[in-house]
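Comments concern the structure below.
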Amino acid sequence: SGVCVVVRGDVAEGGIPPDAMRDATCVVHCAASVKFTEPLPAAARTNVQGALHMLELARALRVPLVYVSTAYVQSGQHRGAAVLHEQTTPDFDAEGALRAMLADRCDGLLGFPSSYTLSTGTAERLLREAGDVDVRVVRPSIVGPAYAYPHPGWHGDRPSTVSAGYTLIFKKLIGCASQSSQIQVVPVDAVVDVILHVARRRQAGGTFHATMPNCFSQIDDATVHACTVLGHQAGYF
């Protein structure tokens with residue numbers, strides 16, 4: 001059991017004093033810009049430097065850092081469904097990429113399809129290279145409306161009929177999916193389940209994919225929303 005506390009602040013500017021979180025047992029960093037067309041300097045400040053500021057906070061508190069990345073962080077180098085479960089981070093000069101992004105001169109996005117995937121890939125690599133902090137990476141695929149909690153179709157503070165309809169379609173897809181299919185949308189409540197599971201782990205480090213495995217026909221409605229259960233069945237944890 002435990003309590004999750006939301007800390008408001010500008011991650012790009014840092015400014016979260018360790019004293020304000022002295023009782024924390026883990027830092028979960030999920031604040032980011034997910035715009036695919038975000039200008040490179042802005043993406044670098046928010047998604048890369050923001051993650052590094054949270055690394056410094058976790059280091060000062062001497063607690064693990066759970067970094068929420070994306071399952072498509074490998075999409076610049078790999079194609080196909082395998083990208084969703086790739087454990088490694090692309091091999092490139094992350095420090096050089098950050099400097100280039102801040103200067104707005106990163107030609108070709110280093111093979112990444114967007115500033116979002118480039119910035120998250122750069123952040124992942126820099127966090128892993130730190131070495132002295134227990135960094136745990138969670139990689140969701142496309143995060144969709146809630147399956148069950150707080151209620152079906154919930155998609156933020158302003159739920160819409162579009163969100164509710166999307167969830168109903170998602171449930172229908174689960175019901176008729178075959179073992180060979182891959183649905184790349186995962187409910188937001190399932191992603192939260194994975195993040196909390198990873199934060200509570202006793203083992204340090206690791207990469208954890210919050211994606212729906214290819215075994216929908218074997219899972220009933222009562223367990224679909226819990227990605228931790230699916231993760232155990234798929235052997236992710």
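By order of appearance in the structure tokens: chains A, B, ..., then residues from 1 within every chain, and ligands from 1 in the order shown.
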Using backbone DSSP assignments, extract all alpha helix (DSSP H) residues from stretch 17-105 of chain A; output them as an MDAnalysis selection string. chainID A and resid 40:43 50:61 94:102
Do a neighbour search on stretch 46-60 of chain A at 8 Å with only C-alpha atoms, toss out local chain neighbours closer than 2 positions, and write the hits as an MDAnalysis selection string. chainID A and resid 11:14 16:18 26:27 29 31:33 42:44 62:65 67 98 119:120 122:123 126:127 132:133
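Our summary of the geometry notes that atom CA of A:Val185 is positioned 4.6 Å from atom CA of A:Ile142.
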Extract, using only C-alpha atoms, all DNA, RNA and protein residues at most 10 Å from A:Val7, discarding same-chain residues fewer than 3 positions from it, and format them as a VMD selection string. chain A and resid 4 10 16 20 to 21
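Excluding A:Gly205 and any residue on its chain fewer than 4 positions from it, the residues at most 6 Å away by only C-alpha atoms are Asp134, Val135 and Arg136 of chain A.
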Deliver the residues from the most recent selection as a file, using N, CA and C atoms, as a CSV table (one decimal), in the first residue's frame.
```csv
chain,number,residue,atom,x,y,z
A,134,ASP,N,18.8,4.2,-9.9
A,134,ASP,CA,18.0,3.1,-10.3
A,134,ASP,C,16.9,3.6,-11.3
A,135,VAL,N,17.2,3.5,-12.6
A,135,VAL,CA,16.2,4.0,-13.6
A,135,VAL,C,15.4,2.8,-14.2
A,136,ARG,N,14.1,2.9,-14.1
A,136,ARG,CA,13.2,1.9,-14.7
A,136,ARG,C,12.3,2.6,-15.7
```
Env of A:Ala97: 12 Å cut, atoms = only C-alpha atoms, seq-sep filter 2 positions within chain, self excluded. Answer as a PyMOL selection string. chain A and resi 40-41+43-44+48+91-95+99-112+115+118-123+125-126
